[in-house]
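**Q** Below you will find the structure I want to go over with you.
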Amino acid sequence: MTTVQQILYKTSAQLLQSGIDNPMMEARIMLAYILNVATSYLVTNSNYVVEPRQIQALDQMMIRRCNREPLAYITGIKEFWGLNFAVDRNTLIPRPDSEILVEAALNFAKQLTEPIKILDLGTGSGCLLLALLYELPNASGIGVDQSLKALGVAQHNANRLQLSDRVQFIQDDWANSVNERVDIVITNPPYIKIADICNLAPEIKMYEPHQALFGGIDGLECYRKLLPRAFQLLTDHGCLFAEIGQGQEDAINAIATHNKFELVKQHKDLQGIIRCLVWKKLA
């Protein structure tokens, strides 16, 4: 008989040996996923005996994780803005730092007259757009992505969150086929320089979709494409919220200024890095 405590010690040691940060936390998440319980259950039931078939299922998960496949892809779920989003290898894994975009957009939305229209460029799993719609009952949105498979994940998330009646997903390149004017444009485009791939963690460079990561030689290619289109689609009172990479604020704001945008605010992430820029259209 093998108990929860024994399994957690064994699996966390294996994860640590494989170079995984927070091995005990990840061991708890995987075992809780297998047992279909909350991680807190494992703390108070350390002597619970785990069935052999459940241990086998955990062993299969461990093989994948020790090969540095992201835990979110293994479980198929990642929490963002307090909501559970389905993810797979066709979508980026939502990061806590990206929640600053949602927070900034929600603060701006308080100033708007309802109903509100939102456009998400490069929607991926739909986490940004759907988090906003979840918080704004009188808002509707459009999510655009080049990847049809990513849009399938986004639609699944909209269905799970019961938001599908207020959102439309479109396969497109930076909203070239969108004709509606919107109050909010939100985007987390690819912004990593191609040359920086060697600096990325194995989980990112080996598993996450490269088309959603890399923004050309200087990392700014997508901003050059999306900013002119965002200007055309934003209402005169609207704002654009964009995630950026570390140290890119000046270069990206120069592109925005060239496209007749005025910087309104910049927001720092949990590490104190400028992560979100907010623009309005020049009068």
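We name chains A, B, ... following the order of the structure tokens; residues begin at 1 in each chain, and ligands are numbered from 1 as shown.
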Identify all residues of region 14-248 of chain A in alpha helix (DSSP H) (DSSP on the backbone) and supply them as number ranges by chain.
**A** A: 14-17, 23-35, 39-44, 52-66, 71-75, 99-109, 127-135, 148-160, 202-207, 221-233
**Q** What are the closest atom pairs, with distances in Å to one decimal, for each residue of region 132-248 of chain A lying within 8 Å of region 252-271 of chain A, using only C-alpha atoms, rows by chain and rising residue number, as a Markdown table?
**A**
| residue | atom | partner | partner_atom | distance |
| --- | --- | --- | --- | --- |
| A:Leu220 | CA | A:Ile252 | CA | 7.0 |
| A:Tyr223 | CA | A:Ile252 | CA | 7.1 |
| A:Arg224 | CA | A:Ile255 | CA | 6.6 |
| A:Leu227 | CA | A:Ala256 | CA | 6.4 |
| A:Pro228 | CA | A:Asn259 | CA | 5.9 |
| A:Phe231 | CA | A:Asn259 | CA | 7.4 |
| A:Gln248 | CA | A:Ile252 | CA | 6.0 |
**Q** Per residue of region 52-119 of chain A within 7 Å of region 199-214 of chain A, record the nearest atom pair and its distance in Å to one decimal, counting only C-alpha atoms, with rows in chain order and ascending residue number, as a Markdown table.
**A**
| residue | atom | partner | partner_atom | distance |
| --- | --- | --- | --- | --- |
| A:Arg68 | CA | A:Glu203 | CA | 5.4 |
| A:Glu69 | CA | A:Glu203 | CA | 5.5 |
| A:Pro70 | CA | A:Glu203 | CA | 5.4 |
| A:Arg89 | CA | A:Glu208 | CA | 5.8 |
| A:Asn90 | CA | A:Pro209 | CA | 6.0 |
| A:Thr91 | CA | A:Pro209 | CA | 6.5 |
| A:Leu92 | CA | A:Glu208 | CA | 5.9 |
**Q** Rounded to one decimal place, report the CA of Trp81 (chain A)-CA of Val102 (chain A) distance in Å.
**A**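 So the answer is 8.3 Å.
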**Q** Pick out the closest residue to Ala230 (chain A) from this set: A:Ile100, A:Ala283, A:Ala175, A:Met25. Count only C-alpha atoms.
**A** A:Ala175
**Q** Where does DSSP see strand (DSSP E) in region 54-116 of chain A, if you list the residues as a list in words?
**A**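 Filtering region 54-116 of chain A down to strand (DSSP E) leaves Ile77, Lys78, Glu79, Phe80, Leu83, Asn84, Phe85, Ala86 and Ile116 of chain A.
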**Q** Excluding Leu132 (chain A) and residues on its chain fewer than 2 positions from it, collect all residues at most 9 Å away from it, counting only C-alpha atoms, and give them as a JSON list (two decimals) with N, CA, C and O atoms, in the first residue's frame.
**A**
[["chain", "number", "residue", "atom", "x", "y", "z"],
["A", 102, "VAL", "N", -5.88, 42.85, -17.84],
["A", 102, "VAL", "CA", -7.30, 42.74, -17.49],
["A", 102, "VAL", "C", -7.66, 43.81, -16.46],
["A", 102, "VAL", "O", -8.67, 44.51, -16.60],
["A", 103, "GLU", "N", -6.83, 43.96, -15.46],
["A", 103, "GLU", "CA", -7.08, 44.95, -14.42],
["A", 103, "GLU", "C", -7.13, 46.37, -14.99],
["A", 103, "GLU", "O", -8.03, 47.15, -14.67],
["A", 105, "ALA", "N", -7.74, 47.27, -18.14],
["A", 105, "ALA", "CA", -8.90, 47.42, -19.02],
["A", 105, "ALA", "C", -10.19, 47.56, -18.22],
["A", 105, "ALA", "O", -11.09, 48.32, -18.60],
["A", 106, "LEU", "N", -10.30, 46.83, -17.12],
["A", 106, "LEU", "CA", -11.50, 46.93, -16.28],
["A", 106, "LEU", "C", -11.61, 48.32, -15.65],
["A", 106, "LEU", "O", -12.70, 48.89, -15.57],
["A", 118, "ILE", "N", -15.33, 44.85, -27.17],
["A", 118, "ILE", "CA", -13.92, 44.56, -26.93],
["A", 118, "ILE", "C", -13.37, 43.72, -28.07],
["A", 118, "ILE", "O", -14.03, 42.80, -28.55],
["A", 127, "CYS", "N", -8.13, 33.89, -22.82],
["A", 127, "CYS", "CA", -8.15, 34.23, -21.39],
["A", 127, "CYS", "C", -8.35, 35.72, -21.13],
["A", 127, "CYS", "O", -9.10, 36.10, -20.22],
["A", 128, "LEU", "N", -7.71, 36.59, -21.92],
["A", 128, "LEU", "CA", -7.87, 38.03, -21.68],
["A", 128, "LEU", "C", -9.30, 38.48, -21.95],
["A", 128, "LEU", "O", -9.93, 39.14, -21.12],
["A", 129, "LEU", "N", -9.78, 38.13, -23.12],
["A", 129, "LEU", "CA", -11.12, 38.56, -23.53],
["A", 129, "LEU", "C", -12.20, 37.97, -22.62],
["A", 129, "LEU", "O", -13.11, 38.68, -22.18],
["A", 130, "LEU", "N", -12.11, 36.70, -22.34],
["A", 130, "LEU", "CA", -13.14, 36.03, -21.54],
["A", 130, "LEU", "C", -13.12, 36.49, -20.09],
["A", 130, "LEU", "O", -14.18, 36.59, -19.46],
["A", 134, "TYR", "N", -16.36, 38.15, -18.43],
["A", 134, "TYR", "CA", -16.84, 37.58, -17.16],
["A", 134, "TYR", "C", -17.12, 38.70, -16.15],
["A", 134, "TYR", "O", -18.10, 38.65, -15.40],
["A", 135, "GLU", "N", -16.28, 39.74, -16.17],
["A", 135, "GLU", "CA", -16.41, 40.84, -15.21],
["A", 135, "GLU", "C", -17.34, 41.94, -15.71],
["A", 135, "GLU", "O", -17.80, 42.77, -14.91],
["A", 136, "LEU", "N", -17.62, 41.97, -17.01],
["A", 136, "LEU", "CA", -18.42, 43.04, -17.61],
["A", 136, "LEU", "C", -19.67, 42.44, -18.28],
["A", 136, "LEU", "O", -19.66, 42.14, -19.47],
["A", 137, "PRO", "N", -20.75, 42.27, -17.53],
["A", 137, "PRO", "CA", -21.94, 41.59, -18.07],
["A", 137, "PRO", "C", -22.55, 42.26, -19.29],
["A", 137, "PRO", "O", -23.22, 41.59, -20.09],
["A", 139, "ALA", "N", -20.85, 43.72, -21.72],
["A", 139, "ALA", "CA", -19.86, 43.81, -22.79],
["A", 139, "ALA", "C", -19.97, 42.60, -23.71],
["A", 139, "ALA", "O", -20.44, 41.53, -23.32]]
**Q** Could you list, as a PyMOL selection string, every residue within 8 Å of Gly141 (chain A), counting only C-alpha atoms and ignoring same-chain residues fewer than 6 positions away?
**A** chain A and resi 117-120+129+133+166-168
**Q** Would you mind reading off the distance between CA of Ser147 (chain A) and CA of Gly215 (chain A), one decimal, in Å?
**A**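 CA of Gly215 (chain A) lies 15.7 Å from CA of Ser147 (chain A).
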**Q** Find the distance between CA of Gln146 (chain A) and CA of Gly122 (chain A) and write it in Å to one decimal.
**A**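 Interatomic distance here is 7.3 Å.
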**Q** So that I can check the surroundings of Val50 (chain A), please list as a PyMOL selection string every protein, DNA and RNA residue that reaches within 12 Å of it, counting only C-alpha atoms and ignoring chain neighbours fewer than 4 positions away.
**A** chain A and resi 1-8+31-32+34-35+42+45-46+54-58
**Q** Emit the selected residues as a compact mmCIF listing (two decimals), in the first residue's frame, including all heavy atoms.
**A**
# COMPACT_ATOMS: atom_id res chain seq x y z
N MET A 1 0.84 -1.20 0.00
CA MET A 1 0.00 0.00 0.00
C MET A 1 0.88 1.25 0.00
O MET A 1 1.85 1.33 0.74
CB MET A 1 -0.93 0.03 1.22
CG MET A 1 -1.96 -1.10 1.25
SD MET A 1 -3.18 -0.86 2.56
CE MET A 1 -2.13 -0.91 4.01
N THR A 2 0.50 2.20 -0.83
CA THR A 2 1.26 3.44 -0.95
C THR A 2 0.37 4.61 -0.58
O THR A 2 -0.72 4.79 -1.13
CB THR A 2 1.78 3.61 -2.39
OG1 THR A 2 2.47 2.44 -2.79
CG2 THR A 2 2.73 4.80 -2.46
N THR A 3 0.84 5.42 0.34
CA THR A 3 0.05 6.54 0.82
C THR A 3 0.35 7.82 0.05
O THR A 3 1.36 7.92 -0.67
CB THR A 3 0.32 6.79 2.32
OG1 THR A 3 1.68 7.24 2.47
CG2 THR A 3 0.08 5.54 3.14
N VAL A 4 -0.52 8.80 0.25
CA VAL A 4 -0.33 10.11 -0.36
C VAL A 4 1.02 10.68 0.03
O VAL A 4 1.78 11.20 -0.81
CB VAL A 4 -1.47 11.07 0.08
CG1 VAL A 4 -1.08 12.53 -0.16
CG2 VAL A 4 -2.75 10.74 -0.66
N GLN A 5 1.36 10.61 1.30
CA GLN A 5 2.63 11.17 1.78
C GLN A 5 3.83 10.52 1.08
O GLN A 5 4.76 11.21 0.65
CB GLN A 5 2.74 10.99 3.29
CG GLN A 5 3.96 11.66 3.90
CD GLN A 5 4.00 11.48 5.41
OE1 GLN A 5 3.76 10.39 5.92
NE2 GLN A 5 4.27 12.57 6.12
N GLN A 6 3.80 9.21 0.96
CA GLN A 6 4.90 8.49 0.32
C GLN A 6 5.05 8.90 -1.15
O GLN A 6 6.16 9.11 -1.65
CB GLN A 6 4.68 6.98 0.44
CG GLN A 6 4.83 6.45 1.86
CD GLN A 6 4.37 5.00 1.98
OE1 GLN A 6 3.43 4.57 1.31
NE2 GLN A 6 5.03 4.25 2.85
N ILE A 7 3.92 9.01 -1.83
CA ILE A 7 3.96 9.39 -3.24
C ILE A 7 4.49 10.81 -3.42
O ILE A 7 5.30 11.08 -4.31
CB ILE A 7 2.55 9.25 -3.86
CG1 ILE A 7 2.19 7.78 -4.02
CG2 ILE A 7 2.50 9.96 -5.22
CD1 ILE A 7 0.80 7.54 -4.55
N LEU A 8 4.05 11.71 -2.56
CA LEU A 8 4.48 13.10 -2.68
C LEU A 8 5.99 13.23 -2.47
O LEU A 8 6.66 13.98 -3.18
CB LEU A 8 3.72 13.98 -1.71
CG LEU A 8 2.24 14.22 -2.03
CD1 LEU A 8 1.58 15.07 -0.94
CD2 LEU A 8 2.07 14.89 -3.39
N LEU A 31 -0.97 14.90 -8.29
CA LEU A 31 -1.68 13.85 -7.55
C LEU A 31 -3.13 14.26 -7.30
O LEU A 31 -4.05 13.42 -7.43
CB LEU A 31 -0.97 13.57 -6.23
CG LEU A 31 -1.57 12.44 -5.39
CD1 LEU A 31 -1.66 11.14 -6.19
CD2 LEU A 31 -0.76 12.22 -4.11
N ALA A 32 -3.37 15.52 -6.98
CA ALA A 32 -4.75 15.99 -6.78
C ALA A 32 -5.55 15.85 -8.07
O ALA A 32 -6.74 15.49 -8.03
CB ALA A 32 -4.74 17.45 -6.31
N ILE A 34 -5.07 13.58 -10.41
CA ILE A 34 -5.35 12.15 -10.57
C ILE A 34 -6.48 11.69 -9.65
O ILE A 34 -7.38 10.94 -10.05
CB ILE A 34 -4.09 11.31 -10.30
CG1 ILE A 34 -3.03 11.54 -11.38
CG2 ILE A 34 -4.43 9.82 -10.19
CD1 ILE A 34 -3.42 11.07 -12.75
N LEU A 35 -6.46 12.18 -8.42
CA LEU A 35 -7.47 11.76 -7.43
C LEU A 35 -8.77 12.55 -7.54
O LEU A 35 -9.74 12.23 -6.87
CB LEU A 35 -6.90 11.91 -6.02
CG LEU A 35 -5.65 11.08 -5.68
CD1 LEU A 35 -5.23 11.33 -4.24
CD2 LEU A 35 -5.92 9.59 -5.90
N LEU A 42 -4.95 16.71 0.16
CA LEU A 42 -3.75 15.89 0.32
C LEU A 42 -3.04 16.22 1.63
O LEU A 42 -2.42 15.35 2.24
CB LEU A 42 -2.79 16.11 -0.85
CG LEU A 42 -3.37 15.85 -2.25
CD1 LEU A 42 -2.31 16.12 -3.30
CD2 LEU A 42 -3.90 14.43 -2.37
N ASN A 45 -5.06 14.56 4.42
CA ASN A 45 -5.27 13.11 4.24
C ASN A 45 -3.99 12.45 3.73
O ASN A 45 -3.99 11.70 2.76
CB ASN A 45 -6.42 12.86 3.25
CG ASN A 45 -7.77 13.29 3.78
OD1 ASN A 45 -8.47 12.53 4.44
ND2 ASN A 45 -8.13 14.54 3.52
N SER A 46 -2.90 12.72 4.43
CA SER A 46 -1.59 12.23 3.99
C SER A 46 -1.47 10.72 4.05
O SER A 46 -0.62 10.13 3.37
CB SER A 46 -0.49 12.87 4.83
OG SER A 46 -0.66 12.56 6.21
N GLN A 54 -4.19 4.51 -10.10
CA GLN A 54 -3.95 5.94 -9.96
C GLN A 54 -2.45 6.25 -9.94
O GLN A 54 -2.00 7.25 -10.49
CB GLN A 54 -4.63 6.46 -8.69
CG GLN A 54 -6.15 6.36 -8.74
CD GLN A 54 -6.81 6.65 -7.42
OE1 GLN A 54 -6.30 6.27 -6.36
NE2 GLN A 54 -7.97 7.31 -7.45
N ILE A 55 -1.68 5.35 -9.34
CA ILE A 55 -0.22 5.50 -9.33
C ILE A 55 0.32 5.38 -10.75
O ILE A 55 1.21 6.13 -11.16
CB ILE A 55 0.43 4.45 -8.41
CG1 ILE A 55 0.01 4.68 -6.96
CG2 ILE A 55 1.95 4.49 -8.55
CD1 ILE A 55 0.49 3.63 -5.99
N GLN A 56 -0.24 4.47 -11.53
CA GLN A 56 0.18 4.31 -12.92
C GLN A 56 -0.11 5.56 -13.73
O GLN A 56 0.70 6.00 -14.55
CB GLN A 56 -0.52 3.10 -13.55
CG GLN A 56 -0.05 1.76 -13.01
CD GLN A 56 -0.84 0.59 -13.58
OE1 GLN A 56 -1.79 0.78 -14.34
NE2 GLN A 56 -0.46 -0.62 -13.21
N ALA A 57 -1.28 6.14 -13.50
CA ALA A 57 -1.65 7.37 -14.20
C ALA A 57 -0.70 8.51 -13.82
O ALA A 57 -0.27 9.30 -14.67
CB ALA A 57 -3.09 7.76 -13.88
N LEU A 58 -0.34 8.57 -12.55
CA LEU A 58 0.61 9.60 -12.09
C LEU A 58 1.98 9.37 -12.71
O LEU A 58 2.66 10.34 -13.10
CB LEU A 58 0.70 9.58 -10.57
CG LEU A 58 1.67 10.59 -9.94
CD1 LEU A 58 1.25 12.02 -10.27
CD2 LEU A 58 1.76 10.40 -8.43
**Q** Pick out the closest residue to Glu180 (chain A) from this set: A:Glu79, A:Glu51, A:Val153, A:Leu233. Count only C-alpha atoms.
**A**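 Of A:Glu79, A:Glu51, A:Val153, A:Leu233, the one nearest Glu180 (chain A) is A:Leu233, counting only C-alpha atoms.
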